[in-house]
Each structure stands twice: as structure tokens, then as C-alpha cells.
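Shown next: upload_20.cif, given as mmCIF, C-alpha atoms.
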```cif
data_target
loop_
_atom_site.group_PDB
_atom_site.id
_atom_site.type_symbol
_atom_site.label_atom_id
_atom_site.label_comp_id
_atom_site.auth_asym_id
_atom_site.auth_seq_id
_atom_site.Cartn_x
_atom_site.Cartn_y
_atom_site.Cartn_z
ATOM 1 C CA MET A 1 -30.396 6.298 -7.660
ATOM 2 C CA SER A 2 -28.779 6.087 -11.084
ATOM 3 C CA ASP A 3 -30.814 6.427 -14.321
ATOM 4 C CA SER A 4 -30.043 2.835 -15.306
ATOM 5 C CA ARG A 5 -31.442 1.484 -12.029
ATOM 6 C CA LYS A 6 -34.564 3.624 -12.455
ATOM 7 C CA GLN A 7 -35.007 2.289 -15.995
ATOM 8 C CA ILE A 8 -34.776 -1.299 -14.743
ATOM 9 C CA LEU A 9 -37.331 -0.631 -12.007
ATOM 10 C CA ASP A 10 -39.642 1.119 -14.491
ATOM 11 C CA MET A 11 -39.423 -1.894 -16.811
ATOM 12 C CA LEU A 12 -40.234 -4.157 -13.858
ATOM 13 C CA ALA A 13 -43.187 -1.969 -12.876
ATOM 14 C CA ASP A 14 -44.477 -2.050 -16.472
ATOM 15 C CA GLY A 15 -44.213 -5.824 -16.457
ATOM 16 C CA LYS A 16 -41.707 -5.826 -19.339
ATOM 17 C CA ILE A 17 -39.214 -7.892 -17.320
ATOM 18 C CA SER A 18 -39.547 -10.391 -14.493
ATOM 19 C CA VAL A 19 -38.279 -9.914 -10.932
ATOM 20 C CA ASP A 20 -35.420 -12.357 -11.661
ATOM 21 C CA ASP A 21 -34.400 -10.398 -14.749
ATOM 22 C CA ALA A 22 -34.487 -7.129 -12.803
ATOM 23 C CA SER A 23 -32.431 -8.645 -10.017
ATOM 24 C CA ARG A 24 -29.848 -9.937 -12.534
ATOM 25 C CA LEU A 25 -29.671 -6.584 -14.311
ATOM 26 C CA ILE A 26 -29.240 -4.634 -11.068
ATOM 27 C CA ALA A 27 -26.506 -7.034 -9.915
ATOM 28 C CA ALA A 28 -24.699 -6.651 -13.250
ATOM 29 C CA LEU A 29 -25.034 -2.880 -13.018
ATOM 30 C CA GLY A 30 -23.559 -2.945 -9.524
ATOM 31 C CA GLU A 31 -20.526 -4.880 -10.756
ATOM 32 C CA VAL A 32 -19.957 -2.385 -13.548
ATOM 33 C CA GLU A 33 -20.202 0.529 -11.101
ATOM 34 C CA VAL A 34 -17.764 -1.107 -8.672
ATOM 35 C CA SER A 35 -15.237 -1.834 -11.424
ATOM 36 C CA ARG A 36 -15.544 1.776 -12.611
ATOM 37 C CA THR A 37 -14.935 3.121 -9.104
ATOM 38 C CA THR A 38 -11.998 0.846 -8.311
ATOM 39 C CA GLY A 39 -10.553 1.429 -11.758
ATOM 40 C CA ASN A 40 -10.193 5.100 -10.968
ATOM 41 C CA LEU A 41 -8.568 4.575 -7.598
ATOM 42 C CA PRO A 42 -4.882 5.398 -7.345
ATOM 43 C CA LYS A 43 -2.511 2.469 -6.901
ATOM 44 C CA TYR A 44 0.646 4.099 -5.635
ATOM 45 C CA LEU A 45 1.764 6.924 -3.400
ATOM 46 C CA ARG A 46 4.787 8.634 -4.938
ATOM 47 C CA VAL A 47 7.321 10.851 -3.190
ATOM 48 C CA LEU A 48 9.865 12.655 -5.343
ATOM 49 C CA VAL A 49 12.587 14.820 -3.845
ATOM 50 C CA GLU A 50 15.300 16.677 -5.673
ATOM 51 C CA ALA A 51 17.757 18.643 -3.573
ATOM 52 C CA SER A 52 21.159 20.174 -4.011
ATOM 53 C CA GLU A 53 23.208 22.313 -1.663
ATOM 54 C CA PRO A 54 23.943 25.804 -2.973
ATOM 55 C CA SER A 55 27.668 25.056 -2.441
ATOM 56 C CA ASP A 56 27.518 21.905 -4.592
ATOM 57 C CA GLU A 57 27.532 23.674 -7.938
ATOM 58 C CA GLY A 58 28.245 21.213 -10.717
ATOM 59 C CA GLU A 59 27.561 18.151 -8.573
ATOM 60 C CA ALA A 60 24.582 15.921 -9.290
ATOM 61 C CA PRO A 61 21.660 16.753 -7.003
ATOM 62 C CA THR A 62 20.327 14.309 -4.428
ATOM 63 C CA LYS A 63 17.299 12.539 -5.815
ATOM 64 C CA VAL A 64 14.782 10.445 -3.942
ATOM 65 C CA ASN A 65 12.075 8.548 -5.742
ATOM 66 C CA ILE A 66 9.776 6.396 -3.616
ATOM 67 C CA ARG A 67 6.746 4.435 -4.734
ATOM 68 C CA VAL A 68 4.546 2.855 -2.070
ATOM 69 C CA PRO A 69 1.606 0.658 -3.119
ATOM 70 C CA LEU A 70 -1.617 1.861 -1.496
ATOM 71 C CA GLN A 71 -2.474 -1.815 -1.074
ATOM 72 C CA LEU A 72 0.184 -1.735 1.649
ATOM 73 C CA LEU A 73 -1.858 0.929 3.427
ATOM 74 C CA ARG A 74 -4.963 -1.246 3.214
ATOM 75 C CA ALA A 75 -3.083 -4.297 4.503
ATOM 76 C CA GLY A 76 -1.475 -2.257 7.289
ATOM 77 C CA VAL A 77 -4.813 -0.916 8.474
ATOM 78 C CA ARG A 78 -6.286 -4.421 8.385
ATOM 79 C CA LEU A 79 -3.366 -5.596 10.519
ATOM 80 C CA ALA A 80 -3.713 -2.615 12.862
ATOM 81 C CA SER A 81 -7.400 -3.433 13.380
ATOM 82 C CA LEU A 82 -6.320 -6.754 14.909
ATOM 83 C CA ILE A 83 -4.228 -5.132 17.626
ATOM 84 C CA PRO A 84 -5.727 -6.129 21.013
ATOM 85 C CA PRO A 85 -7.502 -3.282 22.902
ATOM 86 C CA VAL A 86 -4.928 -3.330 25.724
ATOM 87 C CA ALA A 87 -2.081 -2.804 23.257
ATOM 88 C CA ARG A 88 -4.076 -0.046 21.511
ATOM 89 C CA GLU A 89 -4.233 1.910 24.751
ATOM 90 C CA HIS A 90 -0.454 1.622 25.076
ATOM 91 C CA VAL A 91 0.015 2.802 21.481
ATOM 92 C CA ASN A 92 -2.354 5.742 21.975
ATOM 93 C CA ALA A 93 -0.565 6.726 25.200
ATOM 94 C CA ALA A 94 2.820 6.557 23.457
ATOM 95 C CA LEU A 95 1.512 8.678 20.563
ATOM 96 C CA HIS A 96 0.142 11.257 23.005
ATOM 97 C CA GLN A 97 3.512 11.361 24.784
ATOM 98 C CA GLN A 98 5.124 12.205 21.441
ATOM 99 C CA GLY A 99 2.577 14.980 20.920
ATOM 100 C CA ILE A 100 0.674 13.120 18.226
ATOM 101 C CA ALA A 101 -3.051 13.486 18.779
ATOM 102 C CA PHE A 102 -4.082 10.335 16.978
ATOM 103 C CA ASP A 103 -6.377 7.565 18.141
ATOM 104 C CA ILE A 104 -5.641 4.242 16.433
ATOM 105 C CA ASN A 105 -9.136 3.062 17.401
ATOM 106 C CA GLN A 106 -10.324 5.311 14.572
ATOM 107 C CA LEU A 107 -8.208 3.355 12.116
ATOM 108 C CA LYS A 108 -10.731 0.988 10.540
ATOM 109 C CA PRO A 109 -10.584 -0.908 7.228
ATOM 110 C CA ALA A 110 -13.957 0.589 6.294
ATOM 111 C CA ASN A 111 -12.479 4.103 6.371
ATOM 112 C CA VAL A 112 -9.460 3.248 4.239
ATOM 113 C CA GLU A 113 -11.272 3.099 0.905
ATOM 114 C CA GLU A 114 -12.699 6.558 1.532
ATOM 115 C CA LEU A 115 -9.251 7.827 2.447
ATOM 116 C CA ILE A 116 -7.717 6.309 -0.704
ATOM 117 C CA GLU A 117 -10.472 7.823 -2.813
ATOM 118 C CA GLN A 118 -9.634 11.230 -1.354
ATOM 119 C CA LEU A 119 -5.917 10.644 -1.992
ATOM 120 C CA LYS A 120 -6.721 10.522 -5.713
ATOM 121 C CA ASP A 121 -6.750 14.308 -5.773
ATOM 122 C CA LEU A 122 -3.755 14.739 -3.471
ATOM 123 C CA THR A 123 -0.731 16.560 -4.832
ATOM 124 C CA ILE A 124 1.784 18.335 -2.655
ATOM 125 C CA ASP A 125 4.394 20.432 -4.407
ATOM 126 C CA VAL A 126 7.102 22.124 -2.382
ATOM 127 C CA ASP A 127 9.582 24.234 -4.284
ATOM 128 C CA GLN A 128 12.203 26.128 -2.317
ATOM 129 C CA PRO A 129 14.442 27.934 -4.827
ATOM 130 C CA SER A 130 16.808 29.384 -2.168
ATOM 131 C CA LYS A 131 17.833 25.889 -1.045
ATOM 132 C CA LYS A 132 17.202 24.252 -4.418
ATOM 133 C CA VAL A 133 14.805 21.721 -2.978
ATOM 134 C CA LYS A 134 11.798 20.324 -4.775
ATOM 135 C CA VAL A 135 9.431 17.892 -3.111
ATOM 136 C CA ARG A 136 6.459 16.333 -4.827
ATOM 137 C CA VAL A 137 3.976 13.970 -3.185
ATOM 138 C CA PHE A 138 1.134 12.571 -5.242
ATOM 139 C CA CYS A 139 -0.889 9.450 -5.986
ATOM 140 C CA GLU A 140 -1.008 7.669 -9.318
ATOM 141 C CA MET B 1 0.569 -12.543 -4.475
ATOM 142 C CA PRO B 2 3.833 -11.986 -2.572
ATOM 143 C CA PRO B 3 6.688 -10.360 -4.486
ATOM 144 C CA LEU B 4 8.420 -12.806 -6.801
ATOM 145 C CA LEU B 5 11.523 -10.821 -7.521
ATOM 146 C CA ALA B 6 13.581 -8.227 -5.669
ATOM 147 C CA GLN B 7 15.933 -5.954 -7.521
ATOM 148 C CA PHE B 8 18.765 -4.240 -5.670
ATOM 149 C CA ALA B 9 21.333 -1.829 -7.066
ATOM 150 C CA ILE B 10 24.012 -0.116 -5.035
ATOM 151 C CA ARG B 11 26.579 2.342 -6.299
ATOM 152 C CA HIS B 12 29.324 3.870 -4.214
ATOM 153 C CA ARG B 13 32.066 5.815 -5.997
ATOM 154 C CA ALA B 14 33.399 3.347 -8.596
ATOM 155 C CA VAL B 15 31.727 0.286 -7.117
ATOM 156 C CA HIS B 16 28.529 -0.818 -8.798
ATOM 157 C CA LEU B 17 26.519 -3.763 -7.536
ATOM 158 C CA ARG B 18 23.357 -5.092 -9.133
ATOM 159 C CA LEU B 19 21.440 -7.941 -7.648
ATOM 160 C CA TRP B 20 18.277 -9.723 -8.769
ATOM 161 C CA VAL B 21 16.910 -11.958 -6.036
ATOM 162 C CA PRO B 22 14.345 -14.531 -7.179
ATOM 163 C CA LEU B 23 12.085 -14.385 -4.146
ATOM 164 C CA PHE B 24 9.820 -17.142 -5.456
ATOM 165 C CA LEU B 25 12.703 -19.565 -4.858
ATOM 166 C CA LEU B 26 13.124 -18.150 -1.382
ATOM 167 C CA TRP B 27 9.411 -18.647 -0.657
ATOM 168 C CA LEU B 28 9.677 -22.250 -1.880
ATOM 169 C CA LEU B 29 12.682 -22.871 0.363
ATOM 170 C CA LEU B 30 11.074 -21.186 3.349
ATOM 171 C CA PHE B 31 7.699 -22.885 2.910
ATOM 172 C CA PRO B 32 8.417 -25.941 5.160
ATOM 173 C CA LEU B 33 9.927 -23.692 7.812
ATOM 174 C CA ALA B 34 6.976 -21.286 7.528
ATOM 175 C CA LEU B 35 4.544 -24.147 8.111
ATOM 176 C CA ILE B 36 6.285 -25.080 11.353
ATOM 177 C CA VAL B 37 6.469 -21.441 12.472
ATOM 178 C CA LEU B 38 2.793 -20.943 11.600
ATOM 179 C CA LEU B 39 1.809 -23.970 13.629
ATOM 180 C CA ILE B 40 3.731 -22.792 16.693
ATOM 181 C CA ALA B 41 2.506 -19.207 16.232
ATOM 182 C CA SER B 42 -1.102 -20.391 15.880
ATOM 183 C CA ILE B 43 -0.896 -22.360 19.120
ATOM 184 C CA ALA B 44 0.630 -19.337 20.865
ATOM 185 C CA MET B 45 -2.080 -17.044 19.460
ATOM 186 C CA VAL B 46 -4.895 -19.376 20.542
ATOM 187 C CA TRP B 47 -3.302 -19.534 23.996
ATOM 188 C CA ALA B 48 -3.107 -15.717 24.032
ATOM 189 C CA ASP B 49 -6.816 -15.566 23.055
ATOM 190 C CA THR B 50 -6.254 -13.906 19.674
ATOM 191 C CA ARG B 51 -7.551 -14.939 16.247
ATOM 192 C CA PRO B 52 -4.681 -16.709 14.440
ATOM 193 C CA VAL B 53 -6.401 -17.071 11.047
ATOM 194 C CA ARG B 54 -7.190 -13.352 10.767
ATOM 195 C CA ILE B 55 -3.730 -12.335 11.973
ATOM 196 C CA ILE B 56 -1.974 -14.705 9.571
ATOM 197 C CA ALA B 57 -4.222 -13.528 6.710
ATOM 198 C CA ALA B 58 -3.432 -9.898 7.570
ATOM 199 C CA LEU B 59 0.326 -10.632 7.668
ATOM 200 C CA LEU B 60 0.113 -12.386 4.298
ATOM 201 C CA GLY B 61 -1.794 -9.359 3.028
ATOM 202 C CA VAL B 62 1.061 -7.080 4.077
ATOM 203 C CA LEU B 63 3.577 -9.389 2.399
ATOM 204 C CA SER B 64 1.527 -9.436 -0.808
ATOM 205 C CA ALA B 65 1.128 -5.674 -0.787
ATOM 206 C CA VAL B 66 4.886 -5.155 -0.899
ATOM 207 C CA SER B 67 4.866 -5.941 -4.645
ATOM 208 C CA GLY B 68 5.321 -2.790 -6.657
ATOM 209 C CA SER B 69 7.281 -0.935 -3.965
ATOM 210 C CA MET B 70 10.280 1.000 -5.132
ATOM 211 C CA ILE B 71 12.905 3.078 -3.375
ATOM 212 C CA ASP B 72 15.432 4.944 -5.474
ATOM 213 C CA ILE B 73 17.902 7.266 -3.766
ATOM 214 C CA GLU B 74 20.672 8.958 -5.687
ATOM 215 C CA LEU B 75 23.365 10.984 -3.975
ATOM 216 C CA ALA B 76 26.327 12.650 -5.625
ATOM 217 C CA GLN B 77 28.661 9.685 -5.137
ATOM 218 C CA SER B 78 26.377 6.867 -4.198
ATOM 219 C CA ALA B 79 22.979 5.463 -4.973
ATOM 220 C CA VAL B 80 20.616 2.798 -3.706
ATOM 221 C CA PHE B 81 17.777 1.236 -5.637
ATOM 222 C CA VAL B 82 15.362 -1.356 -4.289
ATOM 223 C CA ARG B 83 12.316 -2.674 -6.117
ATOM 224 C CA PHE B 84 9.946 -5.540 -5.458
ATOM 225 C CA VAL B 85 8.138 -7.064 -8.404
#
```
Re-express the file's structure as C-alpha cells.
Amino acid sequence: MSDSRKQILDMLADGKISVDDASRLIAALGEVEVSRTTGNLPKYLRVLVEASEPSDEGEAPTKVNIRVPLQLLRAGVRLASLIPPVAREHVNAALHQQGIAFDINQLKPANVEELIEQLKDLTIDVDQPSKKVKVRVFCE
Amino acid sequence: MPPLLAQFAIRHRAVHLRLWVPLFLLWLLLFPLALIVLLIASIAMVWADTRPVRIIAALLGVLSAVSGSMIDIELAQSAVFVRFV
């Protein structure tokens, strides 16, 4: 429990504020906490690739810059949760055939926020000097 | 909100093409057609024992989430740029 919530409950216990006031204060506190949490969440997944063949000296390198809104991930998962169970079994079987051990039944909107929160700290840097390839995946 | 504007840029050797597509006009034009399609799709979904409102809401969610997407690929002699605003 946060210090602010404790303070409100202490004030209620001491009779300094009414139950209605405490309820209003706790609700307001909750809104502030939610806005703080969502404010820190990343909005986009970025993929940056810079590559050039060793034989292409002097030529401009190949550059790829992709920005995917994480809202698309949320919407996709919401859509995936509406897939009928029969179709899910087909999808799972097809994924298994391709060697992908993934169960789309585990894909639930409730888990997405947690996943996105974890993505906040995700950064993948691949630097291969011999092939002059740099790949960077991160969230912003 | 669905994307209101799509920006395309294509470059191949000396050819440069830039295109701004006002999607909000496209949505306005497609709205009557979308209503008819939605009606038919809803009937089909009810017949197939699925929940049309949730599916349509989820599809609209996907469409709305496209805003902010960007793909920028530059090769030595050509380039493609797509952005939804």
C-alpha cells in the first residue's frame, strides 16, 4: 500500500475526514497512479538496420527504419482473443508443424499490458563488423 | 482514431515519387459502402454464432492503431517510405 493511501486511511480512522472524502481521495490517487504508469509506457517498437556489403565500398548502405505502434499489438491481441476455439486449434497445429511451440490460447489482452511494460527495458543491439551490419531493436 | 493521412515516397534511380493520400476523404467516401458491408457481415457473424459487435470493435481498433506506423527502407538506388498519420 502506498504512503498516500495509508495517510488517507489514517485520517479516516482519526475522524479527520468522512468516508466519502476518503473514497474520493483514494479514487483521485488511483487516477494519478494510472496516468503515471501509462505515461511511462513505450508507444512504439523501433527496428533500425544498417547494412552494407563489403564489396560495396563507396555505395550508400542499406537502411531500414521501422516504427510499429504498440497499440497495434494491443489491438491485434484483442482481435486474436476473438478467434473461435476450433480455429485456434488449427492455428496451434499449424504453428507446431512449423516448429513454433506457441499456444495462442495464452494470448490474452490482460497479459499484453504486462508484456508492454516489460518491453520498456528492451534493447537489442547487433553489431557485426565483418559484414558491416548493425541492427537495433528497442521501444520508445 | 483511424489514420487521416498516408504519406508514400518511392525513389528508383532518377525517378522520385511523393504521394500524400488524405485518408479521411477515403473514409468519408467508403462510409456508405462500409455500412452495407457491416450489415451483411453482422448477419453472417450472427448466423455463424460469433459476436459481431466485439469483432467489429476489434477490427476498428486495429485500423485505429495503424496511426503512427512508419516504414522507411533505403537501398543504394531505390527507397520506399510509408507513414500513416
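Any residue of chain B with an atom within 7 Å of chain A counts; using only C-alpha atoms, that gives B:Ile55, B:Ala58, B:Leu59, B:Gly61, B:Val62, B:Ala65, B:Val66, B:Gly68, B:Ser69, B:Met70, B:Ile71, B:Asp72, B:Ile73, B:Glu74, B:Leu75, B:Ala76.
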Could you state which residues are captured by the PyMOL selection byres ((chain B and resi 78) around 8) in this file, as a compact mmCIF listing (two decimals) with C-alpha atoms, in the frame of the given file?
```txt
# COMPACT_ATOMS: atom_id res chain seq x y z
CA ILE B 10 24.01 -0.12 -5.04
CA ARG B 11 26.58 2.34 -6.30
CA HIS B 12 29.32 3.87 -4.21
CA ARG B 13 32.07 5.82 -6.00
CA GLU B 74 20.67 8.96 -5.69
CA LEU B 75 23.36 10.98 -3.98
CA ALA B 76 26.33 12.65 -5.62
CA GLN B 77 28.66 9.68 -5.14
CA ALA B 79 22.98 5.46 -4.97
CA VAL B 80 20.62 2.80 -3.71
```
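When atom CA of B:Ser64 is paired with atom CA of B:Met45, their separation reads 21.9 Å.
For the pair atom CA of B:Leu23 and atom CA of B:Phe8, the separation is 12.2 Å.
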Could you give me, as a PyMOL selection string, the residues within 7 Å of B:Leu5, counting all atoms listed in the file and dropping anything in the same chain fewer than 3 positions from it? chain B and resi 20-24+84-85
Neighbour list for B:Ala41 as a list in words, cut-off 12 Å, all atoms listed in the file, skip fewer than 6 positions in-chain: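 The residues that qualify are Ala34, Leu35, Trp47, Ala48, Thr50, Arg51, Pro52, Val53, Ile55 and Ile56 of chain B.
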Take the residues from that selection and write them out as a short mmCIF file (atom, residue, chain, number, x, y, z; two decimals), keeping the file's coordinate frame, keeping C-alpha atoms.
```cif
data_model
loop_
_atom_site.label_atom_id
_atom_site.label_comp_id
_atom_site.auth_asym_id
_atom_site.auth_seq_id
_atom_site.Cartn_x
_atom_site.Cartn_y
_atom_site.Cartn_z
CA ALA B 34 6.98 -21.29 7.53
CA LEU B 35 4.54 -24.15 8.11
CA TRP B 47 -3.30 -19.53 24.00
CA ALA B 48 -3.11 -15.72 24.03
CA THR B 50 -6.25 -13.91 19.67
CA ARG B 51 -7.55 -14.94 16.25
CA PRO B 52 -4.68 -16.71 14.44
CA VAL B 53 -6.40 -17.07 11.05
CA ILE B 55 -3.73 -12.34 11.97
CA ILE B 56 -1.97 -14.70 9.57
#
```
Any chance you could work out the axis-aligned box around stretch 8-16 of chain A, listed atoms only, 4 Å on each side, giving centre and edge lengths in Å to one decimal, as lines of an AutoDock Vina configuration file?
```
center_x = -39.6
center_y = -2.4
center_z = -15.7
size_x = 17.7
size_y = 14.9
size_z = 15.3
```
In Å, with one decimal, what is the gap from atom CA of A:Asn40 to atom CA of A:Glu117?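 Going from atom CA of A:Asn40 over to atom CA of A:Glu117, I get 8.6 Å.
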Hey, what comes out of the PyMOL selection byres ((chain A and resi 86-93) around 8) on this file? Could you write it as JSON, numbers by chain? {"A": [83, 84, 85, 94, 95, 96, 97, 102, 103, 104, 105]}
Next, dump the selected residues to file, keeping only C-alpha atoms, as a compact mmCIF listing (two decimals), keeping the file's coordinate frame.
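Saved as out-v6.txt:
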```txt
# COMPACT_ATOMS: atom_id res chain seq x y z
CA ILE A 83 -4.23 -5.13 17.63
CA PRO A 84 -5.73 -6.13 21.01
CA PRO A 85 -7.50 -3.28 22.90
CA ALA A 94 2.82 6.56 23.46
CA LEU A 95 1.51 8.68 20.56
CA HIS A 96 0.14 11.26 23.00
CA GLN A 97 3.51 11.36 24.78
CA PHE A 102 -4.08 10.34 16.98
CA ASP A 103 -6.38 7.56 18.14
CA ILE A 104 -5.64 4.24 16.43
CA ASN A 105 -9.14 3.06 17.40
```
Between A:Asp121, A:Arg5, A:Glu140, A:Val133, which has the minimum distance to A:Ala27 (counting all atoms listed in the file)?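 Going through A:Asp121, A:Arg5, A:Glu140, A:Val133 one by one, the smallest distance to A:Ala27 is for A:Arg5.
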Minimum-distance residue to B:Leu28, chosen among B:Ala9, B:Asp49, B:Leu4, B:Ala57 (using all atoms listed in the file):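 Ranking B:Ala9, B:Asp49, B:Leu4, B:Ala57 by distance to B:Leu28, first place goes to B:Leu4.
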Using the chain letters and numbers from the file, give me the residues hit by the PyMOL selection byres ((chain A and resi 123) around 8), as a list in words. Asp121, Leu122, Ile124, Asp125, Arg136, Val137, Phe138 and Cys139 of chain A
